[in-house]
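*Asks:* Below you'll find the structure I mean.
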Amino acid sequence: MSPLKIVYMGTPSFAVPTLQALIEEGHEIVGVFCQPDKQSGRGKKIQKPPVKEVALSHNLSVYQPVTLRDSKTEELLKSLAPDLIVVVAYGKILPPWLIALPKYGCINVHASILPSYRGPAPIHWAILNGDTETGVTIMKMDNGLDTGDILYIHRVMIDEKETTGELFHKLSILGGSCINKVISDYVGGKLIPTPQDHDKATFTNKITKDMGRISWKDSARNIVNRIRALNPAPGCYSFINGKRLKIWEATISDMPTTMEKPGTILAVTKRSFVVLTGAGTIEITMVQPENKKAVNAGDYCRGYQISKGLQFEE
């Protein structure tokens, strides 16, 4: 297949492997579109999107329009005359004129097995819901939100201890590893786009910081899934002795339940502590006290005089 003129649209680190794969394949990347730079951290330093960093390192033209719905941006994209637009976690909805612009349309790499988990944060939600399988879907975009015809699906198992951060990395690499073969087969007429079964569609919402507060009345399984799902961001937390404690790592414990209140610490060991939940117990192994670095849970207990019988706030 001859190299294509491609406009690439992506912003976070998840979108980096796919861009790198397109560059290595020898396609002509005529423009890379990212979200605008943002202030980050306590120092409010300007931070470039990861995709922009990679694009600039390859001397590619980078564009960061605030909107795709003005005449200036429309004229720019039309002047680039792409054969294909590849979209990976760009962060903006493409207007209909843009989807119709390229000869081969627009294709999107989405981090779920569509039609499940249409919308934002599909990786978080797969872990929150305790799924054991997910994957990457490459689809031909239409005017809906993740409703386009499917070109390719690659399925992977979710490990029972896997966090969103770990799965995010795994799926980003997976997207990059299959994009060139999918484009080649699609442009060559070997792939027939398959309509989604819209009756089976499920939808996601954005992840918010308040979702991180643990309810100890919930089951052990649900709490552990939440801790995994919100790692590395925004993180799960609870309060003990009036202070906020982030909880980064936990597993289901085999310690029997008691008649005490959910949130009660049942045991403290050298490396962890065990907490009673509404159904079962969990063993917590990594925590982060307020304004401190993450530490081994056993070390935290020794440093903050945390002992059996103390209770987390509900």
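Simple scheme: letters A, B, ... for chains in structure tokens order, numbers from 1 for residues in each chain, numbers from 1 for ligands in the order shown.
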For Gly242 of chain A, find every residue with an atom within 12 Å (counting only C-alpha atoms), except residues of its own chain fewer than 3 positions away, and show them as a PyMOL selection string.

*Replies:* chain A and resi 238-239+245+289-290+310-314

*Asks:* Now that the selection is made, can you save its residues with N, CA and C atoms as an mmCIF file, in the first residue's frame?

*Replies:*
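Final output, saved to part.cif:
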```cif
data_model
loop_
_atom_site.group_PDB
_atom_site.id
_atom_site.type_symbol
_atom_site.label_atom_id
_atom_site.label_comp_id
_atom_site.auth_asym_id
_atom_site.auth_seq_id
_atom_site.Cartn_x
_atom_site.Cartn_y
_atom_site.Cartn_z
ATOM 1 N N SER A 238 -10.382 7.464 52.264
ATOM 2 C CA SER A 238 -11.311 7.420 53.377
ATOM 3 C C SER A 238 -10.726 8.298 54.478
ATOM 4 N N PHE A 239 -11.404 8.371 55.616
ATOM 5 C CA PHE A 239 -10.926 9.194 56.735
ATOM 6 C C PHE A 239 -10.795 8.332 57.978
ATOM 7 N N LEU A 245 -7.012 9.600 54.146
ATOM 8 C CA LEU A 245 -6.009 8.592 53.780
ATOM 9 C C LEU A 245 -6.345 8.047 52.395
ATOM 10 N N PRO A 289 -0.814 8.948 53.377
ATOM 11 C CA PRO A 289 -1.365 9.933 54.323
ATOM 12 C C PRO A 289 -1.409 11.329 53.682
ATOM 13 N N GLU A 290 -2.183 12.201 54.297
ATOM 14 C CA GLU A 290 -2.295 13.576 53.808
ATOM 15 C C GLU A 290 -0.926 14.237 53.700
ATOM 16 N N LEU A 310 -9.672 0.284 65.470
ATOM 17 C CA LEU A 310 -9.970 1.627 64.963
ATOM 18 C C LEU A 310 -10.917 1.528 63.768
ATOM 19 N N GLN A 311 -11.692 2.582 63.570
ATOM 20 C CA GLN A 311 -12.677 2.565 62.499
ATOM 21 C C GLN A 311 -12.462 3.709 61.516
ATOM 22 N N PHE A 312 -12.617 3.399 60.250
ATOM 23 C CA PHE A 312 -12.686 4.433 59.225
ATOM 24 C C PHE A 312 -14.059 5.079 59.266
ATOM 25 N N GLU A 313 -14.098 6.351 58.907
ATOM 26 C CA GLU A 313 -15.393 7.046 58.823
ATOM 27 C C GLU A 313 -16.176 6.540 57.625
ATOM 28 N N GLU A 314 -17.469 6.493 57.751
ATOM 29 C CA GLU A 314 -18.326 6.059 56.650
ATOM 30 C C GLU A 314 -18.667 7.213 55.777
#
```

*Asks:* May I have the residues within 9 Å of segment 61-68 of chain A as a list in words, using only C-alpha atoms and disregarding those fewer than 3 positions away in the same chain?

*Replies:*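 The neighbour list is Ile29, Val30, Gly31, Val32, Phe33, Cys34, Gln35, Pro36, Asp37, Lys52, Ala55, Leu56, Ser71, Lys72, Thr73, Glu74, Lys92, Ile93, Leu94, Pro95 and Leu98 of chain A.
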
*Asks:* Identify, on the basis of only C-alpha atoms, every residue whose closest approach to Val51 of chain A does not exceed 7 Å; exclude the query and any residue fewer than 4 positions from it along the same chain; express the result as a ChimeraX atom specification.

*Replies:* /A:10-13,15-16,55

*Asks:* Please measure the separation of atom CA of Leu191 of chain A and atom CA of Asn108 of chain A, giving the value in Å to one decimal.

*Replies:* 15.0 Å

*Asks:* Please extract the residues of segment 12-89 of chain A with a backbone DSSP assignment of strand (DSSP E) and present them as a list in words.

*Replies:* Glu28, Ile29, Val30, Gly31, Val32, Phe33, Lys38, Gln39, Ser40, Lys45, Ile46, Gln47, Val62, Tyr63, Leu84, Ile85, Val86, Val87 and Val88 of chain A

*Asks:* Pull N, CA and C atoms from the residues just selected and write them as a tab-separated table (two decimals), in the first residue's frame.

*Replies:*
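Below is the file that was written, again_24.tsv:
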```
chain	number	residue	atom	x	y	z
A	28	GLU	N	2.52	9.76	5.50
A	28	GLU	CA	2.78	11.21	5.54
A	28	GLU	C	1.81	11.85	6.53
A	29	ILE	N	2.30	12.18	7.69
A	29	ILE	CA	1.47	12.82	8.72
A	29	ILE	C	1.44	14.32	8.43
A	30	VAL	N	0.36	14.77	7.82
A	30	VAL	CA	0.31	16.16	7.35
A	30	VAL	C	-0.09	17.13	8.46
A	31	GLY	N	-0.54	16.61	9.57
A	31	GLY	CA	-0.89	17.48	10.69
A	31	GLY	C	-1.26	16.64	11.91
A	32	VAL	N	-0.87	17.11	13.09
A	32	VAL	CA	-1.22	16.46	14.35
A	32	VAL	C	-2.02	17.45	15.18
A	33	PHE	N	-3.22	17.05	15.57
A	33	PHE	CA	-4.12	17.92	16.33
A	33	PHE	C	-4.22	17.40	17.77
A	38	LYS	N	-1.97	22.87	28.90
A	38	LYS	CA	-2.67	23.20	30.14
A	38	LYS	C	-1.68	23.46	31.26
A	39	GLN	N	-2.12	24.25	32.24
A	39	GLN	CA	-1.34	24.44	33.45
A	39	GLN	C	-1.50	23.20	34.33
A	40	SER	N	-0.40	22.79	34.95
A	40	SER	CA	-0.45	21.56	35.74
A	40	SER	C	0.40	21.70	36.99
A	45	LYS	N	2.74	25.12	36.01
A	45	LYS	CA	3.59	25.12	34.82
A	45	LYS	C	2.80	24.66	33.60
A	46	ILE	N	3.11	25.25	32.46
A	46	ILE	CA	2.45	24.86	31.22
A	46	ILE	C	2.95	23.47	30.81
A	47	GLN	N	2.01	22.57	30.57
A	47	GLN	CA	2.36	21.21	30.20
A	47	GLN	C	1.83	20.89	28.81
A	62	VAL	N	2.04	20.71	14.38
A	62	VAL	CA	1.08	20.50	15.46
A	62	VAL	C	0.09	21.65	15.51
A	63	TYR	N	-1.18	21.32	15.65
A	63	TYR	CA	-2.24	22.31	15.74
A	63	TYR	C	-3.06	22.02	17.00
A	84	LEU	N	-7.00	10.22	5.07
A	84	LEU	CA	-7.56	9.53	6.23
A	84	LEU	C	-7.28	10.36	7.48
A	85	ILE	N	-8.23	10.37	8.42
A	85	ILE	CA	-8.01	10.97	9.74
A	85	ILE	C	-8.07	9.85	10.77
A	86	VAL	N	-7.05	9.77	11.61
A	86	VAL	CA	-7.00	8.78	12.68
A	86	VAL	C	-7.17	9.51	14.01
A	87	VAL	N	-8.15	9.06	14.80
A	87	VAL	CA	-8.50	9.72	16.05
A	87	VAL	C	-8.32	8.76	17.22
A	88	VAL	N	-7.54	9.18	18.21
A	88	VAL	CA	-7.33	8.37	19.41
A	88	VAL	C	-7.35	9.29	20.64
```

*Asks:* Please compute the atom CA of Leu128 of chain A-atom CA of Gly41 of chain A distance, one decimal, in Å.

*Replies:*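 Interatomic distance, atom CA of Leu128 of chain A to atom CA of Gly41 of chain A: 26.9 Å.
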
*Asks:* Work out how far atom CA of Glu249 of chain A is from atom CA of Ile214 of chain A, in Å to one decimal.

*Replies:* 13.1 Å

*Asks:* Do you know which residues are at most 6 Å from segment 166-179 of chain A counting only C-alpha atoms, after dropping those on the same chain fewer than 4 positions away, and could you put them as a ChimeraX atom specification?

*Replies:* /A:14,17-18,21

*Asks:* Let's have the selection written as a short mmCIF file (atom, residue, chain, number, x, y, z; two decimals), in the first residue's frame, with N, CA, C and O atoms.

*Replies:*
```
data_model
loop_
_atom_site.label_atom_id
_atom_site.label_comp_id
_atom_site.auth_asym_id
_atom_site.auth_seq_id
_atom_site.Cartn_x
_atom_site.Cartn_y
_atom_site.Cartn_z
N PHE A 14 -2.08 7.75 26.01
CA PHE A 14 -2.74 6.60 25.37
C PHE A 14 -2.64 6.66 23.85
O PHE A 14 -2.57 5.62 23.18
N PRO A 17 1.39 5.59 21.21
CA PRO A 17 1.85 4.43 20.42
C PRO A 17 1.24 4.36 19.02
O PRO A 17 1.93 3.93 18.08
N THR A 18 0.00 4.77 18.86
CA THR A 18 -0.61 4.73 17.53
C THR A 18 0.05 5.75 16.61
O THR A 18 0.31 5.45 15.43
N ALA A 21 3.38 4.39 15.58
CA ALA A 21 3.25 3.31 14.60
C ALA A 21 3.02 3.86 13.20
O ALA A 21 3.59 3.37 12.21
#
```

*Asks:* For Ala233 of chain A, work out the shell of residues within 10 Å, counting only C-alpha atoms and skipping chain neighbours fewer than 2 positions away, then give it as a PyMOL selection string.

*Replies:* chain A and resi 124+164-165+207-209+212+227-231+235-236+248
